[in-house]
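Colleague: Sending over a structure as structure tokens; questions will come in a sec.
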Amino acid sequence: MANPFSRVVEPLDASQPEKKFFNLNHLGDPRYERLPFSIRVLLEAAVRNCDEFLVKKDDVENILNWNTMQHKVIEVPFKPARVILQDFTGVPAVVDFAAMRDAVKVLGGDPEKINPICPADLVIDHSIQVDFNRRPDSLQKNQDLEFERNKERFEFLKWGSQAFQNMRIIPPGSGIVHQVNLEYLARVVFDQKGYYYPDSVVGTDSHTTMINGLGVLGWGVGGIEAEAVMLGQPISMVLPEVIGYKLTGNPQPLVTSTDIVLTVTKHLRQVGVVGKFVEFFGPGVTHLSIADRATIANMCPEYGATAAFFPVDEVSIQYLVQTGRDEEKIKHIRKYLQAVGMFRDFSNSSQDPAFTQIVELDLQTVAPCCSGPKRPQDKVEVSEMKKDFEACLGAKQGFKGFQIAPEHHSNHVKFVYNDKEFELTHGSVVIAAITSCTNTSNPSVMLGAGLLAKKAVEAGLTVKPYIKTSLSPGSGVVTYYLRESGVMPYLAQLGFDVVGYGCMTCIGNSGPLPESIVEAITQGDLVAVGVLSGNRNFEGRVHPNTRANYLASPPLVIAYAIAGTIRIDFEKEPLGVNAEGKKVFLKDIWPLREEIQAVERQYVIPGMFKEVYQKIETINKAWNALEVPSDTLYAWNPKSTYIKSPPFFENLTLELQPPKSIVDAYVLLNLGDSVTTDHISPAGNIARNSPAARYLTSRGLTPREFNSYGSRRGNDAVMARGTFANIRLLNKFLSKQAPQTIHFPSEETLDVFDASERYQQAGQSLIVLAGKEYGSGSSRDWAAKGPFLLGIKAVLAESYERIHRSNLVGMGVIPLQYLPGEDAKSLGLTGRERYSIIIPEKLVPRMNVQIKLDTGKIFQAVMRFDTDVELTYFQNGGILNYMIRKMAS
């Protein structure tokens with residue numbers, strides 16, 4: 001039917017009557033101008049897409065009435081303007097699309113209907129590893145290895161870009177997805193099919209939120225949910241509360257944007273913003289560049305919010321000019337946002353909207369800091385780092401503890417590297433990586449690192465040769481301005497050569513450490529350290545041999561690399577001693593903010609962005625040379641260990657099967673708090689003694705050819721075996737960290753996959769018990785697909801990370817949550833019981849269900865299907881089954 005809000009449509013410019021927009025001011029509703037700017041974006045999408053089917057007038061009213069409805073757990077639809085993917089999550093998405101085409105054909109439908117309707121961009125950035133470093137040809141050698149390992153995946157993706165409409169692929173070697181999004185892909189305002197409307201995006205990576213720094217509303221969703229959006233379905237979401245985060249003051253001269261975001265992360269974790277929007281306002285915002293804002297928005301998943309929004313203002317417009325966007329488009333962006341009431345002046349408090357709650361931060365109070373050793377929210381001021389690490393050494397095993405006996409705190413192990421003898425102790429830095437879009441998108445911290453490197457070299461300081469140093473910029477623009485400003489040779493002299501354009505160390509693609517270092521760490525049971533300018537430092541993520549990992553600004557990464565240890569007080573102890581015997585302190589080489597800004601003004605210019613991005617889709621010769629078929633249906637290769645048709649749609653029928661109760665399920669794993677998606681489905685190296693390794697060996701591969709779990713997400717046989725394969729997994733059934741569990745019928749300790757296989761062969765259902773924040777960390781659909789393939793029917797946890805709960809729903813795995821005030825301990829659950837979960841015929845969102853144990857105990861839990869749409873997905877056995885039935889019929 002016709003859009004009931006067509007009355008508010010008008011031309012933006014009288015000279016171009018064919019270019020229109022929905023003018024929300026003409027709704028004639030005073031509530032509009034009190035809405036948070038982020039909610040205005042949701043409202044515009046609802047008004048523009050209102051068809052009384054997927055989006056109804058009642059939905060528009062609920063959003064307009066946000067001030068009242070935000071507290072009522074009301075469901076609203078949202079149709080984002082586009083979808084963004086990276087290759088780790090993009091490959092399984094394209095695999096699913098190819099398999100869905102096969103399934104629709106089997107059910108008698110038209111496979112061509114499985115095609116993205118919503119524009120999708122896929123940036124290949126997760127495949128490259130730091131195999132080579134500290135040499136001028138590191139970049140080329142790493143890229144050559146990337147292609148050698150991933151040629152089959154890249155061929156598949158190139159097939160997908162040709163077989164599916166509306167899908168653009170940015171080739172490997174271009175940069176990191178979120179930085180490319182910020183500098184190139186973001187439209188800010190769409191001009192499509194005769195209408196202007198706000199750019200908005202969902203992505204299959206949790207740090208999609210980075211784009212909110214430019215005023216584009218966006219967040220991470222499960223890969224499964226993203227596929228539904230690509231097929232034209234709206235996201236069903238609970239209308240969020242919006243926390244107003246008021247920034248005042250001006251940062252101190254020595255403070256970086258990294259220090260600000262780590263401070264914000266800790267603060268908002270304490271406030272509690274899970275499932276909410278955060279919107280920044282106040283005069284302090286004017287002191288932050290778009291790169292600073294993007295850094296803060298990037299780490300939104302680490303403080304738990306859905307989105308962290310900075311509305312578009314004059315600084316946003318200047319950024320579009322700086323990054324070489326089209327002048328005519330910029331003019332229309334400003335005019336549209338001003339006309340629709342979405343252009344912000346942060347110094348004008350009369351524009352401040354209503355918020356659910358307001359919290360404040362005075363930027364003047366922010367001090368230089370890092371975060372770690374195991375979580376991004378555990379902020380430590382730099383002045384306290386030495387003391388904090390030494391306290392962690394002896395503290396009980398946990399987020400801030402390694403439980404090293406006091407008599408072993410001074411352990412040291414000598415080793416030989418390149419024919420010279422060195423020594424490692426607890427706190428020795430073995431990895432120092434300037435990496436991740438969080439910081440490499442920010443010229444101020446990157447040039448700050450370059451200037452610090454220059455001063456360090458001039459002062460006679462060096463980095464020990466065994467430390468694995470690396471620089472992986474988020475786009476070619478970074479290399480351009482580092483080279484033009486003259487700091488690149490100094491970075492290289494300290495070992496920070498460019499090793500690749502991709503996520504690299506931040507996602508665990510740190511590559512191997514020298515064998516002599518690994519042996520020394522193992523021999524001394526040492527807590528070795530990785531320091532990185534990334535956004536995640538969970539256990540086992542960065543490297544298996546770095547038990548402590550700290551997030552730090554790029555200049556601090558270099559400082560700790562020079563020091564060679566985290567056990568240093570920079571105020572009292574020198575970084576090193578130069579050839580003349582003079583002590584050099586960090587304060588002697590730290591660049592001032594004015595110094596950095598002067599270099600940035602001179603060297604970060606629009607011409608650089610234009611030159612890099614006008615050839616981004618064609619510059620990679622190896623990509624251009626790939627030849628792929630143009631068939632509508634993918635020709636699966638049964639010999640492939642990378643790309644395999646998944647079993648999700650086997651035996652799928654058009655008729656719905658009613659959901660069944662879960663009877664006498666065994667507990668496969670009994671887990672604690674903050675189990676991350678890295679624990680559930682690791683992305684890094686495939687251990688040689690793992691079930692996945694045994695499978696690959698049986699297919700004729702050698703360990704050198706294993707590659708990473710992330711690179712094999714197109715193969716369900718590998719990924720099922722990699723589920724819960726993280727070596728740092730702590731299962732309460734065992735007394736140690738290991739990717740293992742107890743198979744209760746036999747009482748044998750087995751690898752998790754092997755145990756699940758035995759249970760499934762015997763026809764026994766499985767569940768998982770967990771604590772708080774289950775599934776935190778990266779948006780990872782295999783953290784739901786893997787458990788599904790292991791036969792896990794439900795998870796019972798104290799709370800869930802938003803995206804992971806959505807992914808479980810998408811796979812038909814039931815997310816159960818303890819009632820308030822209850823948990824496994826209060827209920828006396830050991831995990832050795834057998835669980836029957838009663839699923840009634842009539843289901844409603846967030847209903848309580850009964851759980852019966854074989855011990856006779858009965859209790860209730862909340863079934864976390866939060867909306868009617870989620871219940872529909874569950875009744876279909878998952879969101880993709882729902883889409884296939886819809887397309888086939």
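By order of appearance in the structure tokens: chains A, B, ..., then residues from 1 within every chain, and ligands from 1 in the order shown.
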Pick out each residue of segment 545-778 of chain A that DSSP on the backbone tags as strand (DSSP E); I need them as an mmCIF file with C-alpha atoms, in the first residue's frame.
Modeller:
data_model
loop_
_atom_site.group_PDB
_atom_site.id
_atom_site.type_symbol
_atom_site.label_atom_id
_atom_site.label_comp_id
_atom_site.auth_asym_id
_atom_site.auth_seq_id
_atom_site.Cartn_x
_atom_site.Cartn_y
_atom_site.Cartn_z
ATOM 1 C CA ALA A 548 49.138 -10.368 29.803
ATOM 2 C CA ASN A 549 48.048 -7.985 27.055
ATOM 3 C CA TYR A 550 47.641 -4.241 27.394
ATOM 4 C CA LEU A 551 45.782 -1.803 25.167
ATOM 5 C CA GLY A 576 67.044 3.478 28.350
ATOM 6 C CA VAL A 577 70.584 4.743 28.300
ATOM 7 C CA LYS A 583 69.550 8.354 30.805
ATOM 8 C CA VAL A 584 66.613 9.112 28.522
ATOM 9 C CA ILE A 662 14.299 -30.555 25.627
ATOM 10 C CA VAL A 663 14.382 -33.812 27.589
ATOM 11 C CA ASP A 664 17.150 -35.133 29.879
ATOM 12 C CA ALA A 665 19.902 -32.974 28.382
ATOM 13 C CA TYR A 666 23.477 -33.320 29.616
ATOM 14 C CA VAL A 667 25.576 -30.233 30.399
ATOM 15 C CA LEU A 668 28.429 -30.103 27.890
ATOM 16 C CA LEU A 669 30.213 -27.200 29.612
ATOM 17 C CA ASN A 670 29.870 -25.370 32.917
ATOM 18 C CA GLN A 740 38.087 -30.031 27.168
ATOM 19 C CA THR A 741 35.162 -31.358 29.185
ATOM 20 C CA ILE A 742 33.917 -34.478 30.942
ATOM 21 C CA HIS A 743 31.756 -36.952 29.034
ATOM 22 C CA GLU A 748 36.262 -39.525 30.407
ATOM 23 C CA THR A 749 37.940 -36.141 29.877
ATOM 24 C CA LEU A 750 37.729 -35.385 26.144
ATOM 25 C CA ASP A 751 38.132 -32.496 23.721
ATOM 26 C CA LEU A 766 23.103 -30.905 25.321
ATOM 27 C CA ILE A 767 23.004 -27.547 27.073
ATOM 28 C CA VAL A 768 25.619 -25.112 28.399
ATOM 29 C CA LEU A 769 25.652 -23.384 31.804
#
Colleague: Fewer than 4 positions away in the same chain doesn't count, so skip those; otherwise give me all residues within 10 Å of Ser410 of chain A, counting only C-alpha atoms, as a PyMOL selection string.
Modeller: chain A and resi 406+425-426+526
Colleague: Keeping only N, CA, C and O atoms, write those residues as a compact mmCIF listing (two decimals), in the first residue's frame.
Modeller:
# COMPACT_ATOMS: atom_id res chain seq x y z
N PRO A 406 54.76 -16.17 45.20
CA PRO A 406 55.69 -15.05 45.46
C PRO A 406 57.15 -15.40 45.20
O PRO A 406 57.91 -14.57 44.69
N THR A 425 61.81 -12.01 31.81
CA THR A 425 61.25 -12.13 33.16
C THR A 425 59.74 -11.92 33.05
O THR A 425 59.21 -11.63 31.97
N HIS A 426 59.06 -12.06 34.18
CA HIS A 426 57.64 -11.68 34.19
C HIS A 426 57.53 -10.21 33.79
O HIS A 426 58.25 -9.36 34.31
N LEU A 526 56.53 -17.94 32.51
CA LEU A 526 56.55 -16.47 32.58
C LEU A 526 55.26 -15.85 32.07
O LEU A 526 54.65 -16.34 31.13
Colleague: If I take atom CA of Met608 of chain A and atom CA of Gln179 of chain A, how far is one from the other in Å, to one decimal?
Modeller: 14.7 Å
Colleague: Excluding Gly448 of chain A and any residue of its chain fewer than 3 positions from it, enumerate the residues within 7 Å of it, using only C-alpha atoms, and give them as a JSON list (two decimals) with N, CA, C and O atoms, in the first residue's frame.
Modeller:
[["chain", "number", "residue", "atom", "x", "y", "z"],
["A", 444, "SER", "N", 46.36, 11.95, 14.74],
["A", 444, "SER", "CA", 47.06, 12.57, 15.88],
["A", 444, "SER", "C", 47.90, 11.54, 16.64],
["A", 444, "SER", "O", 49.05, 11.81, 16.99],
["A", 445, "VAL", "N", 47.35, 10.34, 16.89],
["A", 445, "VAL", "CA", 48.13, 9.35, 17.64],
["A", 445, "VAL", "C", 49.16, 8.66, 16.74],
["A", 445, "VAL", "O", 50.23, 8.26, 17.20],
["A", 451, "LEU", "N", 56.51, 10.88, 15.64],
["A", 451, "LEU", "CA", 57.38, 11.91, 16.22],
["A", 451, "LEU", "C", 58.14, 11.38, 17.43],
["A", 451, "LEU", "O", 59.32, 11.70, 17.65],
["A", 452, "LEU", "N", 57.46, 10.54, 18.24],
["A", 452, "LEU", "CA", 58.15, 9.92, 19.38],
["A", 452, "LEU", "C", 59.28, 9.01, 18.89],
["A", 452, "LEU", "O", 60.38, 9.01, 19.45],
["A", 555, "PRO", "N", 51.88, 5.85, 20.63],
["A", 555, "PRO", "CA", 53.14, 6.29, 21.23],
["A", 555, "PRO", "C", 53.57, 5.43, 22.43],
["A", 555, "PRO", "O", 54.76, 5.14, 22.60],
["A", 591, "PRO", "N", 56.02, 13.83, 22.29],
["A", 591, "PRO", "CA", 55.67, 15.03, 21.51],
["A", 591, "PRO", "C", 54.48, 15.77, 22.12],
["A", 591, "PRO", "O", 53.56, 15.15, 22.65],
["A", 596, "ILE", "N", 52.15, 17.93, 17.28],
["A", 596, "ILE", "CA", 51.46, 16.92, 16.46],
["A", 596, "ILE", "C", 50.46, 17.60, 15.52],
["A", 596, "ILE", "O", 50.38, 17.28, 14.33]]
Colleague: Report, in Å with one decimal, the straight-line distance from atom CA of Tyr873 of chain A to atom CA of Tyr303 of chain A.
Modeller: 28.7 Å
Colleague: Taking the DSSP secondary structure from the backbone, can you list the residues of segment 574-629 of chain A that are alpha helix (DSSP H), as a PyMOL selection string?
Modeller: chain A and resi 586-589+593-603+606-613+621-624
Colleague: What's the 9 Å shell around Gln233 of chain A, counting only C-alpha atoms, without same-chain residues fewer than 3 positions away, as an MDAnalysis selection string?
Modeller: chainID A and resid 54 78:79 227:230 236
Colleague: Write out, as a PDB file, in the first residue's frame, the residues just selected, with N, CA, C and O atoms.
Modeller:
ATOM      1  N   LEU A  54       5.711  -4.556   7.022  1.00  0.00           N
ATOM      2  CA  LEU A  54       6.964  -4.699   7.781  1.00  0.00           C
ATOM      3  C   LEU A  54       7.128  -3.552   8.775  1.00  0.00           C
ATOM      4  O   LEU A  54       7.667  -3.724   9.861  1.00  0.00           O
ATOM      5  N   PHE A  78      13.657  -1.632  12.213  1.00  0.00           N
ATOM      6  CA  PHE A  78      14.616  -0.668  11.672  1.00  0.00           C
ATOM      7  C   PHE A  78      15.217  -1.244  10.394  1.00  0.00           C
ATOM      8  O   PHE A  78      15.744  -2.353  10.394  1.00  0.00           O
ATOM      9  N   LYS A  79      15.104  -0.472   9.310  1.00  0.00           N
ATOM     10  CA  LYS A  79      15.704  -0.881   8.032  1.00  0.00           C
ATOM     11  C   LYS A  79      16.929  -0.007   7.773  1.00  0.00           C
ATOM     12  O   LYS A  79      16.786   1.150   7.347  1.00  0.00           O
ATOM     13  N   GLU A 227      22.425 -11.107   7.192  1.00  0.00           N
ATOM     14  CA  GLU A 227      21.970 -11.746   5.952  1.00  0.00           C
ATOM     15  C   GLU A 227      20.485 -11.457   5.717  1.00  0.00           C
ATOM     16  O   GLU A 227      20.062 -11.215   4.582  1.00  0.00           O
ATOM     17  N   ALA A 228      19.699 -11.460   6.786  1.00  0.00           N
ATOM     18  CA  ALA A 228      18.268 -11.157   6.655  1.00  0.00           C
ATOM     19  C   ALA A 228      18.073  -9.702   6.219  1.00  0.00           C
ATOM     20  O   ALA A 228      17.210  -9.404   5.383  1.00  0.00           O
ATOM     21  N   VAL A 229      18.882  -8.787   6.764  1.00  0.00           N
ATOM     22  CA  VAL A 229      18.802  -7.376   6.363  1.00  0.00           C
ATOM     23  C   VAL A 229      19.146  -7.234   4.886  1.00  0.00           C
ATOM     24  O   VAL A 229      18.486  -6.503   4.141  1.00  0.00           O
ATOM     25  N   MET A 230      20.190  -7.956   4.457  1.00  0.00           N
ATOM     26  CA  MET A 230      20.580  -7.907   3.043  1.00  0.00           C
ATOM     27  C   MET A 230      19.434  -8.384   2.140  1.00  0.00           C
ATOM     28  O   MET A 230      19.301  -7.941   1.009  1.00  0.00           O
ATOM     29  N   SER A 236      14.484  -6.286  13.947  1.00  0.00           N
ATOM     30  CA  SER A 236      13.507  -6.090  15.018  1.00  0.00           C
ATOM     31  C   SER A 236      14.297  -5.795  16.286  1.00  0.00           C
ATOM     32  O   SER A 236      15.101  -6.611  16.725  1.00  0.00           O
TER      33      SER A 236
END
